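**Student:** Structure incoming, see below.
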Amino acid sequence: MKSTLAAVLCSGLCLAQNGERLFQGNCALCHGPRGDGGKGTNLAQPRLPRAPDDEALFRVIRQGIPGTEMPGTRHFSDDDIREVISFVRSLGQTTPPKVEGDAAHGAELYRGKGNCAACHTMGGRGGAMGPDLTEIGVRRSPGHIRTSIVDPEAWVPDNFLNYRWYSLIPDNFVQVRLVARGGQRLTGVRINEDPFSIQIRDAGDRVHSFWKTELAELHKDWGKSPMPSYRGVLTPGEIDDLVAYLVTLRGGS
Amino acid sequence: MKLVIFLLAALSLNAQVPYDRIRGADTEPGNWLTYSGNYSSHRFTRLNQITAANVRRLKPAWVYQIKAREKVQTTPLVVDGIMYLTEPPSDVTALDTRTGRPLWSYRRPMPKGVRGCCAQINRGAAILDDMVFLGTFDAHLVALDIKTGLVRWDVTVADYNVGHSITVAPLAVKDKIVVGIAGGEYGVRGFLDAYDAKTGKRAWRFWTVPAAGEPGVETWAGDSYKTGAATTWVTGAYDPEQNLVFWGTGNPGPDWNGEARKGDNLYSDSLLALDADTGQLKWYFQFTPHDVHDWDSTEVPVLAEGVVHGQKRKLVLFANRNAFYYVLDRQSGKFLVGKQFAKQTWAKGLDDSGRPIRIPNTSPTVEGTKVYPSVPGATNWFSPSYSPMANLLYVATRDEGGIYYMGEAEYRPGSQFNAGGFRPIPGEEPTGAIRALKPNSGELAWEFKLHTPPWAGVMSTAGGLVFGGTNEGDFFALDATSGKLLWRFQTGGPITSNPMSYLSGSKQHVAIASGSAVFTFALEEQ
């Protein structure tokens with residue numbers, strides 16, 4: 001039961017309160033309860049690159065982002081979305097987390113010792129076995145990036161159900177091992193699949209497409225990542241430096 | 001050939017689809033006169049030009065591109081060489097089936113305040129006499145002139161501001177248009193309506209949630225019936241002999257928190273048998289009493305005949321979202337047979353009356369409860385198909401679980417009222433299948449595995465085929481008796497619709513909506 005005072009206060013505050021409730025129920029799973037990222041983009045920042053204004057953010061929440069794991073929210077009313085927007089904007093008023101480490105040294109490690117570009121693209125250059133890192137500083141929190149470096153299998157997508165059937169997203173980054181009827185063996189990441197065919201990318205960035213009738217064996221390594229852990233490969237200090245560099249990758253030049 | 005074209009043109013100019021033609025739809029398989037092909041909802045074509053022996057020669061005839069972003073879930077109708085296609089949100093286009101060229105379009109801008117749980121979609125139109133009937137997303141029923149697409153009448157069915165919408169294909173019955181309502185995630189009070197086809201005047205309304213003092217209201221704790229939902233968003237069936245309309249109802253509101261609405265919550269998740277003239281309830285059968293998983297019983301009821309428990313009977317066949325297959329006596333509504341047809345973990349089985357025997361601790365919780373099937377269920381709005389030739393019921397089936405969360409909900413008109421949420425089970429890749437069930441027992445005859453849980457229905461044919469579609473865009477044909485894959489075509493967009501078939505000229509065509517387009521197929525000349 002609401003007191004009169006609460007009812008009066010509510011006229012201003014309830015927008016954000018209801019927005020927070022909807023956010024916790026629908027968004028927090030990926031974006032974190034405080035919006036600071038995880039599986040999903042870090043929303044606790046003053047400027048969201050895909051949503052410079054509320055109108056753009058409305059579109060993102062309503063329609064999702066084709067080509068990513070961000071689904072639309074067909075079940076929200078326009079008011080619901082406006083309330084979520086007001087909560088999301090309030091998240092951006094927090095201070096971004098501080099990152100220890102030497103970003104310039106991290107950039108050297110990225111190109112050199114880490115050999116990250118063999119599998120990851122940054123600014124249009126690099127391999128495609130793993131996710132594009134051009135905007136990784138915007139899309140993921142520093143903590144998430146660190147975990148992905150030392151324990152790459154911690155955040156391998158669980159499944160693709162949330163978004164696949166209406167956006168036709170390729171099933172990227174699931175490790176697949178297959179044996180063709182001719183004896184050819186191949187390991188790579190799944191690009192796409194339907195009941196009749198599968199497309200995979202190998203470590204040399206070559207794309208292979210098979211009808212399933214051409215395969216003797218097909219294994220999907222759910223939870224596995226082709227990426228090795230960098231624990232022991234890089235020193236703790238070097239990992240700090242690499243994280244410091246990666247959080248500076250925010251798209252653009 | 002010239003003569004045939006002349007005749008077709010002449011016929012289409014005089015397009016008239018009186019009730020008797022729809023009732024006799026099986027005798028003119030060159031046309032597709034109603035959503036499910038016939039009043040029994042068989043989605044079976046008696047056309048047999050395309051067969052297991054020649055289906056490999058099936059090639060696209062033409063493609064029509066829809067200029068809308070929303071999902072396309074429509075089943076086109078075809079009358080005398082012209083296709084009537086609904087497009088999202090609430091448009092209709094008439095197309096010449098020989099060339100794929102549009103003849104007219106009805107375009108309806110949506111007002112800003114419309115809302116729906118799951119996109120501004122439409123599943124199809126109804127045709128009666130010289131009119132095309134469309135339920136609109138802003139909850140109107142519109143009658144269009146079949147020759148021009150111009151509006152004959154336009155009536156308000158319900159207020160879209162509080163969450164009503166119409167996505168269902170109406171059903172033309174005798175001189176009336178039966179139309180259902182959506183909005184089960186907004187705490188609306190569900191109903192099924194019938195309108196006089198000539199005038200648009202409402203003939204009857206059956207409220208799917210009783211009012212105070214009416215029988216059934218005692219199955220809702222307190223005032224919870226006021227936001228009981230039980231909407232009617234998938235087209236039902238009609239039995240002319242009994243003059244009964246059979247129609248499924250949706251989830252009770254709020255979806256995932258049943259605490260405030262203790263009781264069976266009639267007539268949610270039920271099949272209703274209503275008198276077609278008056279809308280009076282003849283019988284009902286509730287599949288999921290006190291549903292807390294959002295398992296609408298808005299699947300397509302299939303009417304058939306068969307011997308069950310040693311007696312020849314008129315039946316309703318019903319593959320339910322809750323993962324059980326039901327056979328009901330069509331005259332009494334009595335439960336005859338029930339059998340699980342997809343993975344489920346919520347019920348030990350069904351008792352002798354067909355009521356589920358629930359497994360404890362399967363309701364949504366604040367922490368999340370893992371249950372099979374998932375919220376979209378073991379099957380959903382997309383159509384099953386019954387082949388009287390093979391005597392099999394084909395069901396596009398989803399094998400998928402989900403984690404169900406219970407939350408709080410305060411009813412506010414026009415806001416979502418579902419009190420919880422759901423998500424996929426981490427680490428599980430859900431799948432699906434086309435399953436062929438023996439109609440009298442629910443026993444599995446065969447299955448054809450799919451990569452992901454489908455959102456497309458099936459159609460069986462007198463050529464011995466079953467057509468279906470995948471989320472990944474494959475349109476395919478299976479052998480109706482063995483389930484063997486015979487043909488496939490990659491359409492390039494997710495298929496979330498139902499196949500249908502018709503004659504253009506003298507040639508059998510098969511049509512399916514995929515992505516934002518409608519594809520039609522015919523056998524390539526040898």
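Ligands are numbered from 1 in the order shown, residues from 1 within each chain, and chains are lettered A, B, ... in the order they appear in the structure tokens.
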Enumerate the residues of stretch 50-230 of chain A with a DSSP assignment of alpha helix (DSSP H), computed from the backbone, and present them as a PDB file with C-alpha atoms, in the first residue's frame.

**Tutor:**
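Below is the file part00.pdb, written as the result:
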ATOM      1  CA  ASP A  54      17.201   8.601 -26.766  1.00  0.00           C
ATOM      2  CA  GLU A  55      15.510   8.038 -30.102  1.00  0.00           C
ATOM      3  CA  ALA A  56      18.390   5.817 -31.231  1.00  0.00           C
ATOM      4  CA  LEU A  57      18.384   3.982 -27.891  1.00  0.00           C
ATOM      5  CA  PHE A  58      14.647   3.434 -28.259  1.00  0.00           C
ATOM      6  CA  ARG A  59      15.263   1.811 -31.657  1.00  0.00           C
ATOM      7  CA  VAL A  60      18.031  -0.409 -30.253  1.00  0.00           C
ATOM      8  CA  ILE A  61      15.836  -1.601 -27.386  1.00  0.00           C
ATOM      9  CA  ARG A  62      12.807  -2.133 -29.621  1.00  0.00           C
ATOM     10  CA  GLN A  63      14.531  -3.796 -32.576  1.00  0.00           C
ATOM     11  CA  ASP A  78       6.585   2.323 -25.724  1.00  0.00           C
ATOM     12  CA  ASP A  79       6.284   3.551 -22.138  1.00  0.00           C
ATOM     13  CA  ASP A  80       8.241   0.562 -20.860  1.00  0.00           C
ATOM     14  CA  ILE A  81      11.068   1.387 -23.246  1.00  0.00           C
ATOM     15  CA  ARG A  82      11.095   5.034 -22.257  1.00  0.00           C
ATOM     16  CA  GLU A  83      11.356   3.957 -18.632  1.00  0.00           C
ATOM     17  CA  VAL A  84      14.240   1.599 -19.401  1.00  0.00           C
ATOM     18  CA  ILE A  85      15.978   4.413 -21.313  1.00  0.00           C
ATOM     19  CA  SER A  86      15.701   6.700 -18.329  1.00  0.00           C
ATOM     20  CA  PHE A  87      17.308   4.008 -16.145  1.00  0.00           C
ATOM     21  CA  VAL A  88      20.054   3.258 -18.691  1.00  0.00           C
ATOM     22  CA  ARG A  89      20.906   6.956 -18.979  1.00  0.00           C
ATOM     23  CA  SER A  90      21.187   7.127 -15.181  1.00  0.00           C
ATOM     24  CA  LEU A  91      23.826   4.366 -15.332  1.00  0.00           C
ATOM     25  CA  ALA A 103      48.321   0.794 -22.757  1.00  0.00           C
ATOM     26  CA  ALA A 104      51.225   1.558 -25.125  1.00  0.00           C
ATOM     27  CA  HIS A 105      53.043  -1.565 -23.966  1.00  0.00           C
ATOM     28  CA  GLY A 106      49.747  -3.460 -24.277  1.00  0.00           C
ATOM     29  CA  ALA A 107      49.573  -2.437 -27.955  1.00  0.00           C
ATOM     30  CA  GLU A 108      53.034  -3.927 -28.530  1.00  0.00           C
ATOM     31  CA  LEU A 109      51.997  -7.143 -26.816  1.00  0.00           C
ATOM     32  CA  TYR A 110      48.850  -7.292 -28.993  1.00  0.00           C
ATOM     33  CA  ARG A 111      50.923  -7.170 -32.181  1.00  0.00           C
ATOM     34  CA  ILE A 136      35.877  -4.023 -27.521  1.00  0.00           C
ATOM     35  CA  GLY A 137      36.526  -1.224 -25.020  1.00  0.00           C
ATOM     36  CA  VAL A 138      32.960  -0.060 -25.498  1.00  0.00           C
ATOM     37  CA  ARG A 139      31.353  -3.445 -25.805  1.00  0.00           C
ATOM     38  CA  PRO A 142      37.629  -4.410 -18.308  1.00  0.00           C
ATOM     39  CA  GLY A 143      36.849  -7.334 -16.012  1.00  0.00           C
ATOM     40  CA  HIS A 144      35.216  -9.264 -18.822  1.00  0.00           C
ATOM     41  CA  ILE A 145      38.192  -8.608 -21.120  1.00  0.00           C
ATOM     42  CA  ARG A 146      40.643  -9.815 -18.468  1.00  0.00           C
ATOM     43  CA  THR A 147      38.640 -13.000 -17.889  1.00  0.00           C
ATOM     44  CA  SER A 148      38.521 -13.683 -21.609  1.00  0.00           C
ATOM     45  CA  ILE A 149      42.316 -13.443 -21.841  1.00  0.00           C
ATOM     46  CA  VAL A 150      43.140 -15.761 -18.952  1.00  0.00           C
ATOM     47  CA  LEU A 161      18.553 -19.174 -29.201  1.00  0.00           C
ATOM     48  CA  ASN A 162      17.924 -15.626 -28.061  1.00  0.00           C
ATOM     49  CA  TYR A 163      18.426 -14.047 -31.397  1.00  0.00           C
ATOM     50  CA  ARG A 164      19.122 -16.546 -34.108  1.00  0.00           C
ATOM     51  CA  TRP A 165      15.727 -17.316 -35.505  1.00  0.00           C
ATOM     52  CA  TYR A 166      14.745 -13.833 -36.427  1.00  0.00           C
ATOM     53  CA  SER A 167      18.045 -12.234 -37.312  1.00  0.00           C
TER      54      SER A 167
END

**Student:** Using only C-alpha atoms, which residues sit within 6 Å of stretch 178-193 of chain B once same-chain residues fewer than 6 positions away are excluded, as a list in words?

**Tutor:**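 My reading of the contact set: Gly163, His164, Ser165, Ile166, Pro170, Leu171, Trp204, Arg205, Phe206, Trp207, Thr208, Thr227, Gly228, Ala229, Ala230, Thr231, Thr232, Trp233, Gly253, Ser415, Gln416, Phe417 and Asn418 of chain B.
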
**Student:** Write out as a list in words which residues come within 8 Å of B:Thr431 when counting only C-alpha atoms, dropping same-chain ones fewer than 2 positions away.

**Tutor:** Arg398, Asp399, Glu400, Glu429, Ala433, Lys449, Leu450, His451, Thr452 and Pro453 of chain B

**Student:** Can you tell me how far atom CA of A:His208 sits from atom CA of B:Phe489, in Å to one decimal?

**Tutor:**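 Computed distance, atom CA of A:His208 to atom CA of B:Phe489, equals 20.1 Å.
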
**Student:** Quick one: residues within 8 Å of stretch 70-72 of chain B, only C-alpha atoms, excluding same-chain residues fewer than 2 positions away - as number ranges by chain?

**Tutor:** A: 166; B: 68, 74, 87-89, 119-123, 496-497, 513-517

**Student:** Which is closest to B:Arg261 among B:Ile66, B:Val308, B:Val292, B:Leu244, if we use only C-alpha atoms?

**Tutor:** B:Val292

**Student:** Ranking A:Asn42, A:Thr187, A:Ser197, A:Gln17 by minimum distance to chain B and counting only C-alpha atoms, which one comes first?

**Tutor:**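 Counting only C-alpha atoms, the residue closest to chain B is A:Ser197.
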
**Student:** Between A:Glu69, A:Tyr230, A:Glu135, A:Leu215, which one has atoms that come closest to A:Pro49, using only C-alpha atoms?

**Tutor:**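 Counting only C-alpha atoms, the residue closest to A:Pro49 is A:Glu135.
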
**Student:** Mind checking which residues fall within 10 Å of A:Arg47, counting only C-alpha atoms, ignoring those fewer than 4 positions away in the same chain, and posting them as JSON, numbers by chain?

**Tutor:** {"A": [43, 51, 52, 53, 89, 92, 93, 138]}

**Student:** Go ahead and write the selection's residues with C-alpha atoms as a PDB file, in the first residue's frame.

**Tutor:**
ATOM      1  CA  LEU A  43      26.140   0.655 -20.572  1.00  0.00           C
ATOM      2  CA  ALA A  51      22.683   5.142 -29.215  1.00  0.00           C
ATOM      3  CA  PRO A  52      23.837   8.761 -29.223  1.00  0.00           C
ATOM      4  CA  ASP A  53      20.321   9.999 -28.402  1.00  0.00           C
ATOM      5  CA  ARG A  89      20.906   6.956 -18.979  1.00  0.00           C
ATOM      6  CA  GLY A  92      26.043   6.552 -17.495  1.00  0.00           C
ATOM      7  CA  GLN A  93      26.345   9.083 -14.696  1.00  0.00           C
ATOM      8  CA  VAL A 138      32.960  -0.060 -25.498  1.00  0.00           C
TER       9      VAL A 138
END

**Student:** Would you list, as number ranges by chain, the residues of stretch 22-214 of chain A that end up in strand (DSSP E) under DSSP run on this structure's backbone?

**Tutor:** A: 121-122, 125-126, 175-180, 185-193, 197-202, 207-211

**Student:** Next, dump the selected residues to file, keeping only N, CA and C atoms, as a compact mmCIF listing (two decimals), in the first residue's frame.

**Tutor:**
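So the final result, stored in selection-v9.txt, reads:
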# COMPACT_ATOMS: atom_id res chain seq x y z
N THR A 121 40.32 -9.35 -35.51
CA THR A 121 40.41 -8.15 -36.32
C THR A 121 40.34 -6.92 -35.44
N MET A 122 41.15 -5.91 -35.80
CA MET A 122 41.08 -4.62 -35.12
C MET A 122 41.24 -3.57 -36.19
N ARG A 125 41.82 -5.00 -39.76
CA ARG A 125 42.96 -5.88 -40.04
C ARG A 125 43.06 -6.99 -39.02
N GLY A 126 43.42 -8.15 -39.50
CA GLY A 126 43.61 -9.28 -38.61
C GLY A 126 42.78 -10.48 -39.04
N GLN A 175 33.43 -24.05 -31.59
CA GLN A 175 34.47 -24.88 -32.20
C GLN A 175 33.87 -26.15 -32.76
N VAL A 176 34.21 -26.46 -33.99
CA VAL A 176 33.67 -27.62 -34.69
C VAL A 176 34.81 -28.49 -35.18
N ARG A 177 34.66 -29.80 -34.99
CA ARG A 177 35.61 -30.75 -35.60
C ARG A 177 34.82 -31.65 -36.53
N LEU A 178 35.36 -31.84 -37.73
CA LEU A 178 34.61 -32.71 -38.64
C LEU A 178 35.55 -33.59 -39.46
N VAL A 179 35.00 -34.69 -39.92
CA VAL A 179 35.70 -35.60 -40.82
C VAL A 179 34.83 -35.76 -42.05
N ALA A 180 35.37 -35.38 -43.20
CA ALA A 180 34.62 -35.53 -44.45
C ALA A 180 34.66 -36.99 -44.89
N ARG A 185 40.17 -34.11 -42.44
CA ARG A 185 39.83 -33.70 -41.07
C ARG A 185 40.01 -32.20 -40.94
N LEU A 186 39.10 -31.58 -40.20
CA LEU A 186 39.13 -30.13 -40.13
C LEU A 186 38.64 -29.67 -38.77
N THR A 187 39.34 -28.69 -38.20
CA THR A 187 38.84 -28.05 -36.98
C THR A 187 38.71 -26.56 -37.27
N GLY A 188 37.65 -25.97 -36.78
CA GLY A 188 37.47 -24.54 -37.02
C GLY A 188 36.33 -24.02 -36.18
N VAL A 189 35.87 -22.84 -36.52
CA VAL A 189 34.69 -22.30 -35.83
C VAL A 189 33.52 -22.30 -36.79
N ARG A 190 32.34 -22.55 -36.23
CA ARG A 190 31.15 -22.59 -37.06
C ARG A 190 30.77 -21.18 -37.49
N ILE A 191 30.54 -21.02 -38.76
CA ILE A 191 30.06 -19.73 -39.27
C ILE A 191 28.54 -19.78 -39.37
N ASN A 192 28.04 -20.89 -39.86
CA ASN A 192 26.59 -21.01 -40.00
C ASN A 192 26.23 -22.48 -40.15
N GLU A 193 24.94 -22.77 -39.91
CA GLU A 193 24.49 -24.16 -40.01
C GLU A 193 22.99 -24.18 -40.21
N SER A 197 23.34 -28.31 -44.10
CA SER A 197 24.70 -27.89 -44.44
C SER A 197 25.35 -27.20 -43.25
N ILE A 198 26.69 -27.07 -43.31
CA ILE A 198 27.42 -26.34 -42.28
C ILE A 198 28.58 -25.61 -42.94
N GLN A 199 28.88 -24.40 -42.45
CA GLN A 199 29.99 -23.62 -42.95
C GLN A 199 30.93 -23.35 -41.77
N ILE A 200 32.22 -23.60 -41.98
CA ILE A 200 33.17 -23.34 -40.89
C ILE A 200 34.37 -22.54 -41.41
N ARG A 201 35.07 -21.90 -40.47
CA ARG A 201 36.28 -21.14 -40.78
C ARG A 201 37.43 -21.82 -40.07
N ASP A 202 38.53 -22.10 -40.81
CA ASP A 202 39.65 -22.77 -40.16
C ASP A 202 40.66 -21.74 -39.64
N VAL A 207 37.34 -20.50 -45.51
CA VAL A 207 35.95 -20.90 -45.28
C VAL A 207 35.69 -22.23 -46.00
N HIS A 208 35.10 -23.16 -45.28
CA HIS A 208 34.74 -24.46 -45.86
C HIS A 208 33.24 -24.65 -45.72
N SER A 209 32.61 -25.16 -46.76
CA SER A 209 31.17 -25.41 -46.72
C SER A 209 30.91 -26.86 -47.10
N PHE A 210 30.13 -27.54 -46.29
CA PHE A 210 29.81 -28.95 -46.55
C PHE A 210 28.31 -29.17 -46.51
N TRP A 211 27.79 -29.99 -47.41
CA TRP A 211 26.50 -30.61 -47.18
C TRP A 211 26.72 -31.68 -46.11

**Student:** Show me, as a PyMOL selection string, the residues that have an atom within 7 Å of B:Ala456 when counting only C-alpha atoms, minus same-chain residues fewer than 4 positions from it.

**Tutor:** chain B and resi 382+468-470+495-498

**Student:** The selected residues should be written to file as a short mmCIF file (atom, residue, chain, number, x, y, z; two decimals), in the first residue's frame (atoms: C-alpha atoms).

**Tutor:**
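Below is the file that was written, selection.cif:
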data_model
loop_
_atom_site.label_atom_id
_atom_site.label_comp_id
_atom_site.auth_asym_id
_atom_site.auth_seq_id
_atom_site.Cartn_x
_atom_site.Cartn_y
_atom_site.Cartn_z
CA PHE B 382 2.12 -22.53 -36.70
CA GLY B 468 7.83 -27.55 -44.03
CA GLY B 469 10.31 -24.77 -43.32
CA THR B 470 13.23 -23.93 -41.04
CA ILE B 495 10.54 -19.24 -42.49
CA THR B 496 7.90 -18.35 -39.88
CA SER B 497 4.76 -19.16 -41.84
CA ASN B 498 2.65 -22.03 -43.17
#

**Student:** Here is a test: counting only C-alpha atoms, which residue of B:Ala212, B:Leu134, B:Val371, B:Ala419 is nearest to chain A?

**Tutor:**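 Closest to chain A, using only C-alpha atoms: B:Ala419.
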
**Student:** Identify, on the basis of only C-alpha atoms, every residue whose closest approach to B:Gly401 does not exceed 6 Å; exclude the query and any residue fewer than 6 positions from it along the same chain; express the result as a PyMOL selection string.

**Tutor:** chain B and resi 371-374

**Student:** What is the atom CA of B:Met389 to atom CA of B:Thr97 distance in Å?

**Tutor:**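 The value is 27.5 Å.
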